[in-house]
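Heads up: the structure comes next, in structure tokens.
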Amino acid sequence: MHRWRSGRRHAAMLAGRPAAVAWAARLAGTAGAGARLARRVPAPWPYLIGLFLGAKLLLTVLGLLVLHAWDGIGGAPPPDEAMMWAQQREVSGHRWISFWFAWDALLYLRLSELPLTGRPWGDFGFPLLYPFLARPVGALLGGDNALALLLISNVAFLGALVYGYRLAELLLGDPDAARRFTRYLVLLPTAFLFQAALTESLFVCLALAAFYYAERRRWLLVGVLGYFLAMSRSLGLLVALPLALVLLRQHDWRLGPRALLGYLRIGWPLLLLPAGWFTFMAFCRWRGGDWFAYQHAQRVGWGITMQNPVPVVVDALAGEPRDAGRVLFALVVLAVLVAGFRRRELPYLVYGVLMILVPLSMGPAVYKSLLRYLLAVFPVALVLARWARSAGVDVWLTAALAVVQGALFVLWLTYWTHMII
């Protein structure tokens, strides 16, 4: 009897083997088709999409794990963060969405929902491109402006990787160096904010695209991008200067009446950058009766006044340890830019210096957001990509940046949100 049962099992196994073989063949065929499709996708798209999705998945999982662990900690959230955490819960019941909304992100959401007519408009502290883009996108998403803000940020993040790769390939002349640049861009200490409902990804995407097309001498497109760049953040207007330096470099820095006329004939689209900021000022005049309503709102709401950055830095370094640490970090970024300077990259050095010194010139009021503002200094990733030609240096630098960003991300999610934003 035992022998008969064993024979039946053996026969059943033999009978099932063709089905198993067919299933394995189909699986292999599907994998092969996927591999062939991946090979058909032109470089660098597979790498950039993998980088984008990898960062998205890793930070989402880490964020959920950290917040789950933090739920059992006494005193969480701290008193000065309790209101913000309550507002996050109102944004979405899904934590993987709500934790991307902190402080300024909640203000952007409010700006995206305020009616344009009717009662007086009192929110002039932020340029309006980002929240106003969420209005039509949110309408397409059934009125979910919070999801629209995140969608815009993440699409812009992917766009920043694409244009960053293209620009780095032009400047560094090496696809491997361009891949390092995009990886370091993703690993900059506060680069997790590219995925948050903030303006960082949109601003950096527009800046990288403007520089890329400037290097390609497509100045009308540079002007259009610059118009929206100036409407995305107040610093966008100042990018006209380094873009003008790209134009001067392309013509061997020639000066004189004839050369200036040539620059004006070719580079007139750069005038669209101040036009973009003037559009925001016109909105301030229309809805608030004051061309400089944004300036007054920043002074009253946050105590922001333009100052000499040197005394600001000196006072910060001698003051509270957290402020000293943030300002010291800014000085390290500035030192890396200067140490990696090459004459051909003068426009990018000037851009980086502006992105560092202008926030510092706003005084202690911006200390809490200084690490966030430094995310706009993408040329530092160009310097790191050039320095890390050695595989060993690349591995250690990648690991160090990942650890620093992970630590800051955890701080941002828990007690120390105001350390970052």
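Note on naming: chains are A, B, ... as they come in the structure tokens, residues start from 1 per chain, ligands start from 1 in the order shown.
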
Alpha helix (DSSP H) positions in stretch 274-398 of chain A, given as a count of residues only: 90

Neighbour list for stretch 248-263 of chain A as a PyMOL selection string, cut-off 9 Å, only C-alpha atoms, skip fewer than 4 positions in-chain: chain A and resi 215+217+243-244+267-268+344+346-347

For A:Met231: contacts at 8 Å, only C-alpha atoms, fewer than 5 positions along chain excluded, given as an MDAnalysis selection string: chainID A and resid 127:129 236 276:277 279:280

Let me see the file: selected residues, N, CA and C atoms, as a compact mmCIF listing (two decimals), in the first residue's frame.
```txt
# COMPACT_ATOMS: atom_id res chain seq x y z
N PRO A 127 6.27 84.33 -2.75
CA PRO A 127 5.92 84.36 -4.17
C PRO A 127 4.92 83.24 -4.48
N LEU A 128 4.12 83.42 -5.51
CA LEU A 128 2.90 82.63 -5.63
C LEU A 128 2.92 81.55 -6.71
N LEU A 129 4.03 81.36 -7.42
CA LEU A 129 4.01 80.38 -8.50
C LEU A 129 3.64 78.99 -8.00
N GLY A 236 15.06 84.16 -7.07
CA GLY A 236 15.07 83.87 -8.50
C GLY A 236 15.46 85.06 -9.35
N GLY A 276 9.34 88.78 -14.19
CA GLY A 276 8.65 87.80 -13.35
C GLY A 276 8.42 88.33 -11.95
N TRP A 277 9.44 88.94 -11.38
CA TRP A 277 9.27 89.50 -10.04
C TRP A 277 8.32 90.70 -10.07
N THR A 279 5.78 90.96 -11.91
CA THR A 279 4.43 90.39 -11.95
C THR A 279 3.92 90.13 -10.54
N PHE A 280 4.78 89.61 -9.66
CA PHE A 280 4.39 89.39 -8.28
C PHE A 280 4.12 90.72 -7.58
```

Selection: 12 Å around A:Leu198, only C-alpha atoms, excl. self and same-chain fewer than 3 positions, as an NGL selection string: :A and (100-109 or 126-131 or 134 or 146 or 148-154 or 156-157 or 191-195 or 201-204 or 232-233 or 369 or 372-373 or 375 or 421)

Kindly export the residues of the current selection with C-alpha atoms, as a PDB file, in the first residue's frame.
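As a result, selection_26.pdb now contains:
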```pdb
ATOM      1  CA  TRP A 100       5.673  66.128   4.032  1.00  0.00           C
ATOM      2  CA  PHE A 101       3.709  69.162   5.243  1.00  0.00           C
ATOM      3  CA  ALA A 102       5.541  71.255   7.845  1.00  0.00           C
ATOM      4  CA  TRP A 103       5.246  74.962   8.643  1.00  0.00           C
ATOM      5  CA  ASP A 104       5.724  76.794   5.319  1.00  0.00           C
ATOM      6  CA  ALA A 105       4.155  73.863   3.436  1.00  0.00           C
ATOM      7  CA  LEU A 106       0.931  74.450   5.373  1.00  0.00           C
ATOM      8  CA  LEU A 107       1.032  78.113   4.354  1.00  0.00           C
ATOM      9  CA  TYR A 108       1.488  77.129   0.700  1.00  0.00           C
ATOM     10  CA  LEU A 109      -1.552  74.887   1.003  1.00  0.00           C
ATOM     11  CA  PHE A 126       5.650  84.160  -0.374  1.00  0.00           C
ATOM     12  CA  PRO A 127       5.919  84.358  -4.170  1.00  0.00           C
ATOM     13  CA  LEU A 128       2.904  82.632  -5.629  1.00  0.00           C
ATOM     14  CA  LEU A 129       4.009  80.384  -8.503  1.00  0.00           C
ATOM     15  CA  TYR A 130       4.112  77.167  -6.467  1.00  0.00           C
ATOM     16  CA  PRO A 131       0.749  77.478  -4.651  1.00  0.00           C
ATOM     17  CA  ALA A 134      -1.601  73.711  -7.308  1.00  0.00           C
ATOM     18  CA  ALA A 146      -2.399  69.010  -0.839  1.00  0.00           C
ATOM     19  CA  ALA A 148      -1.350  68.614  -6.021  1.00  0.00           C
ATOM     20  CA  LEU A 149       1.453  70.374  -4.127  1.00  0.00           C
ATOM     21  CA  LEU A 150       3.237  67.063  -3.536  1.00  0.00           C
ATOM     22  CA  LEU A 151       2.780  66.042  -7.175  1.00  0.00           C
ATOM     23  CA  ILE A 152       4.286  69.326  -8.391  1.00  0.00           C
ATOM     24  CA  SER A 153       7.233  68.985  -6.010  1.00  0.00           C
ATOM     25  CA  ASN A 154       7.993  65.425  -7.063  1.00  0.00           C
ATOM     26  CA  ALA A 156       9.958  69.054 -10.369  1.00  0.00           C
ATOM     27  CA  PHE A 157      12.371  66.854  -8.389  1.00  0.00           C
ATOM     28  CA  ALA A 191      17.656  66.978  -0.104  1.00  0.00           C
ATOM     29  CA  PHE A 192      14.701  65.124   1.415  1.00  0.00           C
ATOM     30  CA  LEU A 193      12.948  68.502   1.179  1.00  0.00           C
ATOM     31  CA  PHE A 194      12.825  68.040  -2.602  1.00  0.00           C
ATOM     32  CA  GLN A 195       9.927  65.677  -1.894  1.00  0.00           C
ATOM     33  CA  SER A 201      12.410  71.252  -6.030  1.00  0.00           C
ATOM     34  CA  LEU A 202      10.588  73.694  -8.310  1.00  0.00           C
ATOM     35  CA  PHE A 203      13.204  76.404  -7.809  1.00  0.00           C
ATOM     36  CA  VAL A 204      16.177  74.087  -8.372  1.00  0.00           C
ATOM     37  CA  SER A 232       8.949  80.932  -7.522  1.00  0.00           C
ATOM     38  CA  ARG A 233      11.209  82.534  -4.895  1.00  0.00           C
ATOM     39  CA  SER A 369      15.462  77.819   7.607  1.00  0.00           C
ATOM     40  CA  ARG A 372      16.714  74.490   3.794  1.00  0.00           C
ATOM     41  CA  TYR A 373      17.838  77.528   1.789  1.00  0.00           C
ATOM     42  CA  LEU A 375      19.593  73.222  -0.799  1.00  0.00           C
ATOM     43  CA  ILE A 421      12.720  74.754   8.200  1.00  0.00           C
TER      44      ILE A 421
END
```

Contacts of A:His94 within 12 Å, only C-alpha atoms, excl. fewer than 4 positions in-chain, as JSON, numbers by chain: {"A": [60, 64, 88, 89, 90, 98, 99, 100, 101, 146, 147]}

Selection from above, N, CA, C and O atoms, as a PDB file, in the first residue's frame, can you write it?
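Done, and the output landed in out.pdb:
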```pdb
ATOM      1  N   THR A  60      10.245  57.396   2.409  1.00  0.00           N
ATOM      2  CA  THR A  60       8.884  57.119   2.870  1.00  0.00           C
ATOM      3  C   THR A  60       8.881  56.039   3.941  1.00  0.00           C
ATOM      4  O   THR A  60       8.251  56.192   5.000  1.00  0.00           O
ATOM      5  N   LEU A  64       7.952  56.651   7.951  1.00  0.00           N
ATOM      6  CA  LEU A  64       6.875  55.941   8.643  1.00  0.00           C
ATOM      7  C   LEU A  64       7.403  55.182   9.858  1.00  0.00           C
ATOM      8  O   LEU A  64       6.765  55.157  10.917  1.00  0.00           O
ATOM      9  N   GLN A  88      -1.084  68.813  10.335  1.00  0.00           N
ATOM     10  CA  GLN A  88      -0.707  67.727   9.443  1.00  0.00           C
ATOM     11  C   GLN A  88      -1.799  66.670   9.360  1.00  0.00           C
ATOM     12  O   GLN A  88      -2.110  66.167   8.285  1.00  0.00           O
ATOM     13  N   ARG A  89      -2.381  66.333  10.510  1.00  0.00           N
ATOM     14  CA  ARG A  89      -3.453  65.331  10.516  1.00  0.00           C
ATOM     15  C   ARG A  89      -4.672  65.813   9.736  1.00  0.00           C
ATOM     16  O   ARG A  89      -5.409  65.006   9.154  1.00  0.00           O
ATOM     17  N   GLU A  90      -4.898  67.133   9.710  1.00  0.00           N
ATOM     18  CA  GLU A  90      -6.009  67.680   8.935  1.00  0.00           C
ATOM     19  C   GLU A  90      -5.737  67.609   7.436  1.00  0.00           C
ATOM     20  O   GLU A  90      -6.671  67.503   6.638  1.00  0.00           O
ATOM     21  N   SER A  98       1.022  63.202   4.959  1.00  0.00           N
ATOM     22  CA  SER A  98       0.965  64.344   5.879  1.00  0.00           C
ATOM     23  C   SER A  98       2.332  64.760   6.402  1.00  0.00           C
ATOM     24  O   SER A  98       2.543  65.945   6.696  1.00  0.00           O
ATOM     25  N   PHE A  99       3.297  63.806   6.535  1.00  0.00           N
ATOM     26  CA  PHE A  99       4.567  64.233   7.142  1.00  0.00           C
ATOM     27  C   PHE A  99       5.397  65.101   6.208  1.00  0.00           C
ATOM     28  O   PHE A  99       6.407  65.675   6.628  1.00  0.00           O
ATOM     29  N   TRP A 100       4.974  65.226   4.948  1.00  0.00           N
ATOM     30  CA  TRP A 100       5.673  66.128   4.032  1.00  0.00           C
ATOM     31  C   TRP A 100       5.174  67.567   4.132  1.00  0.00           C
ATOM     32  O   TRP A 100       5.620  68.436   3.391  1.00  0.00           O
ATOM     33  N   PHE A 101       4.241  67.814   5.056  1.00  0.00           N
ATOM     34  CA  PHE A 101       3.709  69.162   5.243  1.00  0.00           C
ATOM     35  C   PHE A 101       4.155  69.678   6.611  1.00  0.00           C
ATOM     36  O   PHE A 101       3.708  69.190   7.653  1.00  0.00           O
ATOM     37  N   ALA A 146      -3.557  69.550  -1.558  1.00  0.00           N
ATOM     38  CA  ALA A 146      -2.399  69.010  -0.839  1.00  0.00           C
ATOM     39  C   ALA A 146      -1.676  67.992  -1.709  1.00  0.00           C
ATOM     40  O   ALA A 146      -0.444  68.030  -1.845  1.00  0.00           O
ATOM     41  N   LEU A 147      -2.438  67.088  -2.297  1.00  0.00           N
ATOM     42  CA  LEU A 147      -1.834  66.103  -3.188  1.00  0.00           C
ATOM     43  C   LEU A 147      -1.230  66.789  -4.409  1.00  0.00           C
ATOM     44  O   LEU A 147      -0.182  66.374  -4.909  1.00  0.00           O
TER      45      LEU A 147
END
```

Distance in Å - atom CA of A:Pro242 versus atom CA of A:Val350: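 Rounded to one decimal, the two atoms are 6.0 Å apart.
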
Shortest interatomic distance to A:Val300 - which of A:Val393, A:Ile420, A:Leu170, A:Ala365, counting only C-alpha atoms: A:Ala365

Shell of 9 Å around A:Leu187, only C-alpha atoms, local chain residues under 5 positions omitted, as a list in words: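 Counting only the stated atoms, we get Ala55, Thr182, Phe192, Thr398, Leu401, Ala402, Val404 and Gln405 of chain A.
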